[in-house]
Structures are given as C-alpha cells and as structure tokens.
$ cat query_27.cif   # mmCIF, C-alpha atoms
data_final
#
loop_
_atom_site.label_atom_id
_atom_site.label_comp_id
_atom_site.auth_asym_id
_atom_site.auth_seq_id
_atom_site.Cartn_x
_atom_site.Cartn_y
_atom_site.Cartn_z
CA ALA A 177 42.98 25.40 167.10
CA GLN A 178 40.17 25.75 164.62
CA THR A 179 38.63 22.70 162.97
CA VAL A 180 36.00 22.17 160.30
CA THR A 181 34.15 18.91 159.74
CA GLN A 182 32.12 17.94 156.71
CA SER A 183 30.50 14.58 157.33
CA GLN A 184 29.06 14.03 153.85
CA PRO A 185 31.77 12.97 151.38
CA GLU A 186 29.24 12.80 148.54
CA MET A 187 25.76 14.09 147.87
CA SER A 188 23.48 14.04 144.88
CA VAL A 189 20.44 16.07 143.90
CA GLN A 190 17.99 16.09 141.05
CA GLU A 191 18.08 19.12 138.82
CA ALA A 192 15.70 21.85 140.10
CA GLU A 193 15.53 20.26 143.57
CA THR A 194 17.00 21.50 146.84
CA VAL A 195 19.99 20.06 148.65
CA THR A 196 21.63 20.85 151.98
CA LEU A 197 25.31 20.33 152.70
CA SER A 198 26.37 20.03 156.34
CA CYS A 199 29.31 21.56 158.16
CA THR A 200 30.28 21.75 161.81
CA TYR A 201 33.20 23.68 163.20
CA ASP A 202 35.07 24.42 166.35
CA THR A 203 36.88 27.58 167.36
CA SER A 204 37.78 29.38 170.54
CA GLU A 205 37.63 32.76 168.81
CA SER A 206 34.72 35.06 169.51
CA ASP A 207 35.08 36.83 166.18
CA TYR A 208 35.24 34.54 163.16
CA TYR A 209 34.00 34.08 159.62
CA LEU A 210 32.54 31.08 157.85
CA PHE A 211 32.65 30.38 154.13
CA TRP A 212 31.45 27.96 151.53
CA TYR A 213 33.76 27.57 148.54
CA LYS A 214 32.97 25.74 145.30
CA GLN A 215 35.67 23.91 143.35
CA PRO A 216 34.42 22.65 139.96
CA PRO A 217 36.41 19.84 138.34
CA SER A 218 39.77 21.13 137.13
CA ARG A 219 38.76 24.69 137.83
CA GLN A 220 39.68 27.15 140.51
CA MET A 221 38.01 27.62 143.83
CA ILE A 222 35.42 30.36 144.08
CA LEU A 223 33.57 31.79 147.04
CA VAL A 224 29.88 30.89 147.17
CA ILE A 225 28.78 32.58 150.36
CA ARG A 226 30.15 33.88 153.64
CA GLN A 227 28.80 34.51 157.12
CA GLU A 228 30.17 36.76 159.81
CA ALA A 229 29.73 35.10 163.20
CA TYR A 230 28.53 38.32 164.83
CA LYS A 231 25.59 38.54 162.43
CA GLN A 232 22.49 36.67 163.49
CA GLN A 233 20.84 36.85 160.09
CA ASN A 234 21.65 33.96 157.78
CA ALA A 235 23.48 34.96 154.60
CA THR A 236 21.85 34.44 151.22
CA GLU A 237 23.20 34.77 147.68
CA ASN A 238 20.60 34.09 145.03
CA ARG A 239 19.93 30.32 145.13
CA PHE A 240 22.42 29.76 147.94
CA SER A 241 21.64 30.27 151.60
CA VAL A 242 23.10 29.16 154.90
CA ASN A 243 21.67 27.97 158.18
CA PHE A 244 24.06 29.31 160.80
CA GLN A 245 23.52 27.84 164.26
CA LYS A 246 26.15 29.53 166.40
CA ALA A 247 25.48 27.67 169.64
CA ALA A 248 25.58 24.33 167.86
CA LYS A 249 28.60 25.43 165.78
CA SER A 250 26.81 24.36 162.64
CA PHE A 251 26.93 26.04 159.23
CA SER A 252 24.97 24.27 156.49
CA LEU A 253 24.59 25.34 152.87
CA LYS A 254 21.27 25.08 151.06
CA ILE A 255 21.21 25.12 147.28
CA SER A 256 17.78 25.72 145.81
CA ASP A 257 16.69 25.00 142.25
CA SER A 258 19.86 23.00 141.64
CA GLN A 259 21.47 23.35 138.24
CA LEU A 260 23.90 21.15 136.35
CA GLY A 261 26.56 23.81 136.84
CA ASP A 262 26.32 23.39 140.60
CA ALA A 263 28.12 20.05 140.35
CA ALA A 264 31.43 20.49 142.15
CA MET A 265 33.34 19.94 145.37
CA TYR A 266 32.06 22.19 148.11
CA PHE A 267 34.33 23.17 150.97
CA CYS A 268 33.31 24.71 154.24
CA ALA A 269 35.99 26.98 155.69
CA LEU A 270 36.63 29.13 158.73
CA ASN A 271 38.97 31.93 159.70
CA SER A 272 39.28 34.84 162.08
CA GLY A 273 39.02 37.54 159.47
CA ASN A 274 42.11 38.21 157.44
CA THR A 275 43.88 35.01 158.45
CA PRO A 276 44.51 31.66 156.79
CA LEU A 277 41.46 29.55 156.09
CA VAL A 278 40.84 26.21 157.74
CA PHE A 279 38.97 23.92 155.37
CA GLY A 280 36.88 20.81 155.78
CA LYS A 281 37.48 17.75 153.62
CA GLY A 282 34.76 18.70 151.21
CA THR A 283 31.50 17.30 149.84
CA ARG A 284 31.27 16.20 146.24
CA LEU A 285 27.90 17.26 144.84
CA SER A 286 26.46 15.57 141.79
CA VAL A 287 23.47 17.02 139.96
CA ILE A 288 21.28 14.54 138.11
CA ALA A 289 19.49 15.74 135.01
CA ASP B 85 41.44 42.78 137.34
CA THR B 86 42.89 39.63 135.85
CA GLY B 87 42.56 37.46 138.94
CA VAL B 88 45.19 35.37 140.65
CA SER B 89 47.51 33.56 138.27
CA GLN B 90 49.89 30.70 138.91
CA ASP B 91 52.70 29.29 136.85
CA PRO B 92 53.25 26.58 135.83
CA ARG B 93 49.86 24.88 135.89
CA HIS B 94 51.43 21.45 135.87
CA LYS B 95 54.88 20.24 136.86
CA ILE B 96 56.28 16.74 136.67
CA THR B 97 59.63 16.24 138.33
CA LYS B 98 61.82 13.42 139.50
CA ARG B 99 62.37 12.77 143.16
CA GLY B 100 65.27 14.79 144.47
CA GLN B 101 64.90 17.66 142.04
CA ASN B 102 64.09 21.24 143.05
CA VAL B 103 60.98 23.00 141.79
CA THR B 104 59.76 26.59 141.98
CA PHE B 105 56.24 27.86 141.55
CA ARG B 106 55.11 31.40 140.98
CA CYS B 107 51.96 33.20 142.07
CA ASP B 108 50.80 36.61 140.86
CA PRO B 109 48.07 37.98 143.13
CA ILE B 110 45.39 40.51 142.30
CA SER B 111 47.33 43.75 142.02
CA GLU B 112 45.87 45.69 144.93
CA HIS B 113 45.89 42.73 147.33
CA ASN B 114 48.52 42.93 150.03
CA ARG B 115 47.98 39.48 151.55
CA LEU B 116 49.08 36.35 149.76
CA TYR B 117 48.51 32.78 150.94
CA TRP B 118 49.88 29.39 149.90
CA TYR B 119 47.87 26.22 150.45
CA ARG B 120 48.44 22.58 149.53
CA GLN B 121 45.63 20.27 148.48
CA THR B 122 46.03 16.53 148.15
CA LEU B 123 43.54 14.30 146.39
CA GLY B 124 40.23 14.06 148.19
CA GLN B 125 41.17 16.58 150.85
CA GLY B 126 40.54 20.22 151.51
CA PRO B 127 43.34 22.74 151.10
CA GLU B 128 45.80 23.03 153.98
CA PHE B 129 47.54 26.25 154.87
CA LEU B 130 51.29 26.48 154.24
CA THR B 131 52.32 30.11 154.69
CA TYR B 132 51.21 33.67 154.11
CA PHE B 133 52.53 37.16 153.53
CA GLN B 134 51.45 40.68 154.13
CA ASN B 135 53.29 42.72 151.54
CA GLU B 136 56.83 41.30 151.62
CA ALA B 137 56.69 40.10 155.23
CA GLN B 138 56.10 36.40 155.84
CA LEU B 139 53.67 36.39 158.76
CA GLU B 140 53.19 32.71 159.50
CA LYS B 141 54.42 29.31 158.44
CA SER B 142 52.55 26.08 159.04
CA ARG B 143 54.29 23.13 160.63
CA LEU B 144 53.51 21.42 157.31
CA LEU B 145 56.18 23.63 155.76
CA SER B 146 59.32 21.58 156.25
CA ASP B 147 62.83 22.94 155.85
CA ARG B 148 62.77 21.87 152.22
CA PHE B 149 60.09 24.46 151.49
CA SER B 150 60.78 28.16 151.19
CA ALA B 151 58.54 31.00 150.09
CA GLU B 152 59.33 34.57 149.20
CA ARG B 153 57.50 37.69 148.19
CA PRO B 154 60.43 40.02 147.56
CA LYS B 155 58.67 43.19 146.47
CA GLY B 156 55.28 42.57 147.95
CA SER B 157 53.85 41.60 144.59
CA PHE B 158 54.37 38.11 143.15
CA SER B 159 55.47 35.21 145.32
CA THR B 160 57.51 32.08 144.75
CA LEU B 161 57.33 28.74 146.51
CA GLU B 162 60.38 26.52 146.19
CA ILE B 163 60.58 22.88 147.15
CA GLN B 164 64.07 21.43 147.42
CA ARG B 165 64.88 17.74 147.10
CA THR B 166 61.32 16.83 146.20
CA GLU B 167 59.76 13.67 147.61
CA GLN B 168 56.82 11.66 146.33
CA GLY B 169 54.80 12.91 149.27
CA ASP B 170 55.10 16.42 147.87
CA SER B 171 52.80 15.48 145.00
CA ALA B 172 49.77 17.74 145.39
CA MET B 173 47.99 20.80 144.07
CA TYR B 174 49.61 24.00 145.33
CA LEU B 175 47.10 26.81 145.57
CA CYS B 176 47.75 30.51 145.93
CA ALA B 177 45.20 33.01 147.16
CA SER B 178 45.21 36.74 147.77
CA SER B 179 43.17 39.20 149.75
CA PHE B 180 43.06 42.81 150.87
CA SER B 181 43.78 43.26 154.55
CA SER B 182 41.37 46.03 155.43
CA GLY B 183 37.88 47.23 154.70
CA GLY B 184 36.14 44.24 156.23
CA ASN B 185 35.94 42.21 153.04
CA TYR B 186 38.40 39.44 153.69
CA GLU B 187 37.51 37.26 150.76
CA GLN B 188 40.41 35.20 149.53
CA TYR B 189 40.60 34.85 145.77
CA PHE B 190 42.20 31.66 144.57
CA GLY B 191 44.38 30.95 141.59
CA PRO B 192 44.01 27.85 139.39
CA GLY B 193 46.78 26.03 141.23
CA THR B 194 49.97 24.25 140.23
CA ARG B 195 49.69 20.48 140.14
CA LEU B 196 52.97 18.86 141.12
CA THR B 197 53.71 15.23 140.35
CA VAL B 198 56.90 13.76 141.78
CA THR B 199 57.96 10.50 140.13
#

$ encode --input "query_27.cif" --output "structure tokens"
Amino acid sequence: AQTVTQSQPEMSVQEAETVTLSCTYDTSESDYYLFWYKQPPSRQMILVIRQEAYKQQNATENRFSVNFQKAAKSFSLKISDSQLGDAAMYFCALNSGNTPLVFGKGTRLSVIA
Amino acid sequence: DTGVSQDPRHKITKRGQNVTFRCDPISEHNRLYWYRQTLGQGPEFLTYFQNEAQLEKSRLLSDRFSAERPKGSFSTLEIQRTEQGDSAMYLCASSFSSGGNYEQYFGPGTRLTVT
C-alpha cells in the first residue's frame, strides 16, 4: 500500500518570503510519481508541480520547487517570493503513473501581507 | 478545452434518499476518477474508469454506491439510501492514459450534505 504523510496541518509565511512544506511517503513501487496540488478556498484542485521518481533532478516551476530525497522518501515543496494568491490547502500525492492518487491530509498555508 | 465539469455543485438531501452526480471529463481524456473529500482531509479514491470499463473500486465504495461511464464520456456516481456519513465533497478527475503525462485534472466537486 502507498501512504503519504504531511505533518504540518498549518503553516504561515510573510508575503515575499520563502516557505517549505513537508511530505513523506511510502511505496513498494520502483516506478512512481509525486505531486503537489493546490486547493484554494472553494475552488478546484490544481497541479502545482510533479516529480518522476526516476529523475534525480528536482522539479521546478517558476517560484515552486521540490526537494526530492528518494532514499529518505521525502518530497518537500518550497515556495519562493510568496504571494497572497498562494494561500490555499496544499496536498502532497503519490501514484504509480496513470493510477489513482494517494493524498496526504494537507497543509493549510496562510500568507501574511 | 473547457475543463472537467461536475453537476450539481451542491446537493442537500435527507437521509435515506438517493442522489446522483454527474462528471464531464476533458473530452480527449479516457481515464476518469472519483474521489471523496471530507472536511480537513485529503481526497480519497473511490473508483476509476478507462473508457467505459470500471478498472478498480475502493473498499470505501460500499454497495450503496454505484458508478457508470456508459459511453466512455461522462460518468455518474449514485448513492442509494444516503447516510449522514456520506456528507462530503465528491471530486471527479480525468487524465489521458498514454504519452507519459499522467496529470489528473480535477473538477470543482459536488458538495453533498445529508440531513
């Protein structure tokens, strides 16, 4: 079975600062994919960034980057230059490609102006 | 590309009633997923389809739940004899099953309240 753990129920960051959200996972698969999804209040979930486990290089998407530590089964999300629009629930998720996602419980991020 | 749509967005029903939700995926996507999200939790997988074939059902999907995707396009999720514990957000997502880009695109969800 695959599991995803997010140990930070809530985080806050000052506007323009950097914040890191933590995620650990467990899987017996050798080929898997990791994702960070953003769910703004009352709005639909959107993909922020994804990482293929076979790739050693950490994924980046503009202000968003990940720190993928395969041996430690850790997958953290760093948000640089935080903006008010970054306030949302962030979910770490895992699957084996084109299979159902397994989600963590989420981290609620607040951005302070 | 109009994205994944779900209908209705909100549903309030009395315990014991049946409800049906609809999901329209992105048109070229052949995989369709249903998830359930309760307050303060991440989404949990319920079932998914490739075209019209239902590939997997979670143990969360009791006998009161049934899902269909009759022509490989839209899907319906029916809950019979609703219970208060069924109150949740029901999310639909779709993806394309080849090409290496397995991103799942989510709809806005249907929020079910059982009174």

$ residues_around --input "query_27.cif" --residues "Val198 (chain B)" --least-positions-apart "3" --cutoff "6 Å" --atoms "only C-alpha atoms" --output "MDAnalysis selection string"
chainID B and resid 96:99 168 171

$ resolve_selection --input "query_27.cif" --expression "the PyMOL selection byres ((chain A and resi 283) around 9)" --output "count of residues only"
18

$ closest_atom_pairs --input "query_27.cif" --of "chain B" --to "chain A" --cutoff "10 Å" --atoms "all atoms listed in the file" --output "CSV"
residue,atom,partner,partner_atom,distance
B:Val88,CA,A:Gln220,CA,9.9
B:Arg115,CA,A:Asn274,CA,8.4
B:Leu116,CA,A:Pro276,CA,9.6
B:Tyr117,CA,A:Pro276,CA,7.2
B:Trp118,CA,A:Pro276,CA,9.0
B:Tyr119,CA,A:Pro276,CA,9.0
B:Gln121,CA,A:Lys281,CA,10.0
B:Gly124,CA,A:Lys281,CA,7.1
B:Gln125,CA,A:Lys281,CA,4.8
B:Gly126,CA,A:Lys281,CA,4.5
B:Pro127,CA,A:Phe279,CA,6.2
B:Glu128,CA,A:Val278,CA,7.0
B:Phe129,CA,A:Pro276,CA,6.5
B:Leu130,CA,A:Pro276,CA,8.9
B:Thr131,CA,A:Pro276,CA,8.2
B:Tyr132,CA,A:Pro276,CA,7.5
B:Leu139,CA,A:Thr275,CA,9.9
B:Glu140,CA,A:Pro276,CA,9.2
B:Leu175,CA,A:Gln220,CA,9.0
B:Ala177,CA,A:Met221,CA,9.6
B:Ser179,CA,A:Asn274,CA,7.8
B:Phe180,CA,A:Asn274,CA,8.1
B:Ser181,CA,A:Asn274,CA,6.1
B:Ser182,CA,A:Asn274,CA,8.1
B:Gly184,CA,A:Gly273,CA,8.0
B:Asn185,CA,A:Gly273,CA,8.5
B:Tyr186,CA,A:Asn274,CA,5.4
B:Glu187,CA,A:Leu223,CA,7.7
B:Gln188,CA,A:Leu223,CA,8.0
B:Tyr189,CA,A:Ile222,CA,7.1
B:Phe190,CA,A:Met221,CA,5.9
B:Gly191,CA,A:Gln220,CA,6.1
B:Pro192,CA,A:Gln220,CA,4.5
B:Gly193,CA,A:Gln220,CA,7.2

$ resolve_selection --input "query_27.cif" --expression "the PyMOL selection byres ((chain B and resi 153) around 12)" --output "PyMOL selection string"
chain B and resi 105-109+114-118+131-139+150-152+154-162

$ closest_residue --input "query_27.cif" --among "A:Gln178, A:Thr196, A:Ser206, A:Ser286" --to "Leu253 (chain A)" --atoms "only C-alpha atoms"
A:Thr196

$ residues_around --input "query_27.cif" --residues "Ile163 (chain B)" --least-positions-apart "2" --cutoff "8 Å" --atoms "all atoms listed in the file" --output "number ranges by chain"
B: 102-104, 148-150, 161, 165-166

$ atom_distance --input "query_27.cif" --atom1 "CA of Arg195 (chain B)" --atom2 "CA of Ala177 (chain A)"
28.2 Å

$ closest_residue --input "query_27.cif" --among "B:Gly87, B:Ser178, B:Gly100, B:Thr199" --to "His113 (chain B)" --atoms "all atoms listed in the file"
B:Ser178

$ atom_distance --input "query_27.cif" --atom1 "CA of Thr86 (chain B)" --atom2 "CA of Glu112 (chain B)"
11.3 Å

$ atom_distance --input "query_27.cif" --atom1 "CA of Leu196 (chain B)" --atom2 "CA of Tyr213 (chain A)"
22.4 Å

$ residues_near_point --input "query_27.cif" --point "(29.9, 37.2, 167.8)" --cutoff "10 Å" --atoms "all atoms listed in the file" --output "list in words"
Glu205, Ser206, Asp207, Tyr208, Tyr209, Glu228, Ala229, Tyr230, Lys231, Gln232 and Lys246 of chain A

$ residues_near_point --input "query_27.cif" --point "(21.5, 16.2, 133.3)" --cutoff "12 Å" --atoms "only C-alpha atoms" --output "mmCIF file with C-alpha atoms, in the coordinates of the input"
data_model
loop_
_atom_site.group_PDB
_atom_site.id
_atom_site.type_symbol
_atom_site.label_atom_id
_atom_site.label_comp_id
_atom_site.auth_asym_id
_atom_site.auth_seq_id
_atom_site.Cartn_x
_atom_site.Cartn_y
_atom_site.Cartn_z
ATOM 1 C CA SER A 188 23.480 14.040 144.880
ATOM 2 C CA VAL A 189 20.440 16.070 143.900
ATOM 3 C CA GLN A 190 17.990 16.090 141.050
ATOM 4 C CA GLU A 191 18.080 19.120 138.820
ATOM 5 C CA ALA A 192 15.700 21.850 140.100
ATOM 6 C CA SER A 258 19.860 23.000 141.640
ATOM 7 C CA GLN A 259 21.470 23.350 138.240
ATOM 8 C CA LEU A 260 23.900 21.150 136.350
ATOM 9 C CA GLY A 261 26.560 23.810 136.840
ATOM 10 C CA ASP A 262 26.320 23.390 140.600
ATOM 11 C CA ALA A 263 28.120 20.050 140.350
ATOM 12 C CA SER A 286 26.460 15.570 141.790
ATOM 13 C CA VAL A 287 23.470 17.020 139.960
ATOM 14 C CA ILE A 288 21.280 14.540 138.110
ATOM 15 C CA ALA A 289 19.490 15.740 135.010
#

$ axis_aligned_box --input "query_27.cif" --around "region 137-153 of chain B" --padding-each-side "6 Å" --output "AutoDock Vina command-line options"
--center_x 57.7 --center_y 30.8 --center_z 154.4 --size_x 22.3 --size_y 30.7 --size_z 24.4

$ resolve_selection --input "query_27.cif" --expression "the PyMOL selection byres ((chain A and resi 251) around 7)" --output "ChimeraX atom specification"
/A:198-200,242-245,249-250,252-253

$ decode --input "query_27.cif" --residues "region 140-152 of chain B" --atoms "all heavy atoms" --output "short mmCIF file (atom, residue, chain, number, x, y, z; two decimals), in the first residue's frame"
data_model
loop_
_atom_site.label_atom_id
_atom_site.label_comp_id
_atom_site.auth_asym_id
_atom_site.auth_seq_id
_atom_site.Cartn_x
_atom_site.Cartn_y
_atom_site.Cartn_z
N GLU B 140 -11.22 -0.25 -11.18
CA GLU B 140 -10.96 -0.52 -9.76
C GLU B 140 -11.97 0.20 -8.90
O GLU B 140 -12.42 1.30 -9.23
CB GLU B 140 -9.55 -0.04 -9.39
CG GLU B 140 -9.11 -0.40 -7.98
CD GLU B 140 -7.69 0.07 -7.67
OE1 GLU B 140 -6.95 0.43 -8.61
OE2 GLU B 140 -7.32 0.08 -6.47
N LYS B 141 -12.34 -0.45 -7.82
CA LYS B 141 -13.22 0.16 -6.82
C LYS B 141 -12.55 0.07 -5.46
O LYS B 141 -12.05 -0.99 -5.07
CB LYS B 141 -14.57 -0.55 -6.78
CG LYS B 141 -15.40 -0.37 -8.02
CD LYS B 141 -16.82 -0.87 -7.83
CE LYS B 141 -16.89 -2.37 -7.73
NZ LYS B 141 -18.30 -2.84 -7.68
N SER B 142 -12.56 1.16 -4.73
CA SER B 142 -12.00 1.18 -3.39
C SER B 142 -12.93 0.44 -2.43
O SER B 142 -14.14 0.37 -2.65
CB SER B 142 -11.84 2.63 -2.93
OG SER B 142 -11.68 2.71 -1.53
N ARG B 143 -12.35 -0.05 -1.35
CA ARG B 143 -13.21 -0.66 -0.32
C ARG B 143 -14.09 0.39 0.35
O ARG B 143 -15.05 0.05 1.05
CB ARG B 143 -12.34 -1.36 0.71
CG ARG B 143 -11.31 -0.49 1.36
CD ARG B 143 -10.42 -1.29 2.32
NE ARG B 143 -9.25 -0.56 2.73
CZ ARG B 143 -9.26 0.41 3.64
NH1 ARG B 143 -10.37 0.73 4.25
NH2 ARG B 143 -8.15 1.05 3.95
N LEU B 144 -13.78 1.67 0.12
CA LEU B 144 -14.65 2.74 0.63
C LEU B 144 -15.99 2.74 -0.09
O LEU B 144 -16.97 3.27 0.42
CB LEU B 144 -13.99 4.11 0.44
CG LEU B 144 -12.74 4.43 1.23
CD1 LEU B 144 -12.20 5.79 0.81
CD2 LEU B 144 -13.03 4.41 2.73
N LEU B 145 -16.02 2.16 -1.27
CA LEU B 145 -17.22 2.20 -2.10
C LEU B 145 -18.14 1.06 -1.68
O LEU B 145 -18.02 -0.06 -2.17
CB LEU B 145 -16.82 2.08 -3.57
CG LEU B 145 -17.74 2.76 -4.59
CD1 LEU B 145 -17.67 4.26 -4.43
CD2 LEU B 145 -17.34 2.35 -6.00
N SER B 146 -19.07 1.39 -0.77
CA SER B 146 -19.97 0.36 -0.28
C SER B 146 -20.99 -0.01 -1.37
O SER B 146 -21.04 0.60 -2.44
CB SER B 146 -20.71 0.87 0.96
OG SER B 146 -21.75 1.77 0.58
N ASP B 147 -21.80 -0.99 -1.06
CA ASP B 147 -22.81 -1.47 -2.01
C ASP B 147 -23.84 -0.39 -2.34
O ASP B 147 -24.55 -0.50 -3.34
CB ASP B 147 -23.53 -2.70 -1.44
CG ASP B 147 -22.61 -3.90 -1.37
OD1 ASP B 147 -21.55 -3.87 -2.04
OD2 ASP B 147 -22.95 -4.86 -0.66
N ARG B 148 -23.90 0.64 -1.53
CA ARG B 148 -24.88 1.70 -1.81
C ARG B 148 -24.39 2.66 -2.90
O ARG B 148 -25.16 3.47 -3.39
CB ARG B 148 -25.15 2.49 -0.53
CG ARG B 148 -25.77 1.69 0.59
CD ARG B 148 -26.10 2.57 1.80
NE ARG B 148 -24.88 3.15 2.39
CZ ARG B 148 -24.51 4.42 2.24
NH1 ARG B 148 -25.27 5.26 1.52
NH2 ARG B 148 -23.41 4.87 2.80
N PHE B 149 -23.12 2.54 -3.23
CA PHE B 149 -22.53 3.40 -4.25
C PHE B 149 -22.41 2.64 -5.57
O PHE B 149 -21.98 1.49 -5.58
CB PHE B 149 -21.13 3.83 -3.83
CG PHE B 149 -21.08 4.83 -2.71
CD1 PHE B 149 -21.44 4.47 -1.43
CD2 PHE B 149 -20.65 6.13 -2.94
CE1 PHE B 149 -21.40 5.40 -0.39
CE2 PHE B 149 -20.58 7.05 -1.91
CZ PHE B 149 -20.96 6.69 -0.63
N SER B 150 -22.75 3.32 -6.65
CA SER B 150 -22.51 2.73 -7.96
C SER B 150 -22.09 3.83 -8.93
O SER B 150 -22.58 4.96 -8.85
CB SER B 150 -23.75 2.01 -8.48
OG SER B 150 -24.82 2.92 -8.66
N ALA B 151 -21.17 3.50 -9.79
CA ALA B 151 -20.67 4.46 -10.76
C ALA B 151 -20.73 3.84 -12.14
O ALA B 151 -20.54 2.62 -12.30
CB ALA B 151 -19.25 4.89 -10.42
N GLU B 152 -20.99 4.68 -13.11
CA GLU B 152 -21.06 4.23 -14.50
C GLU B 152 -20.39 5.24 -15.41
O GLU B 152 -20.33 6.44 -15.09
CB GLU B 152 -22.53 4.06 -14.95
CG GLU B 152 -23.28 2.98 -14.26
CD GLU B 152 -24.69 2.83 -14.82
OE1 GLU B 152 -25.18 3.80 -15.45
OE2 GLU B 152 -25.29 1.76 -14.64
#
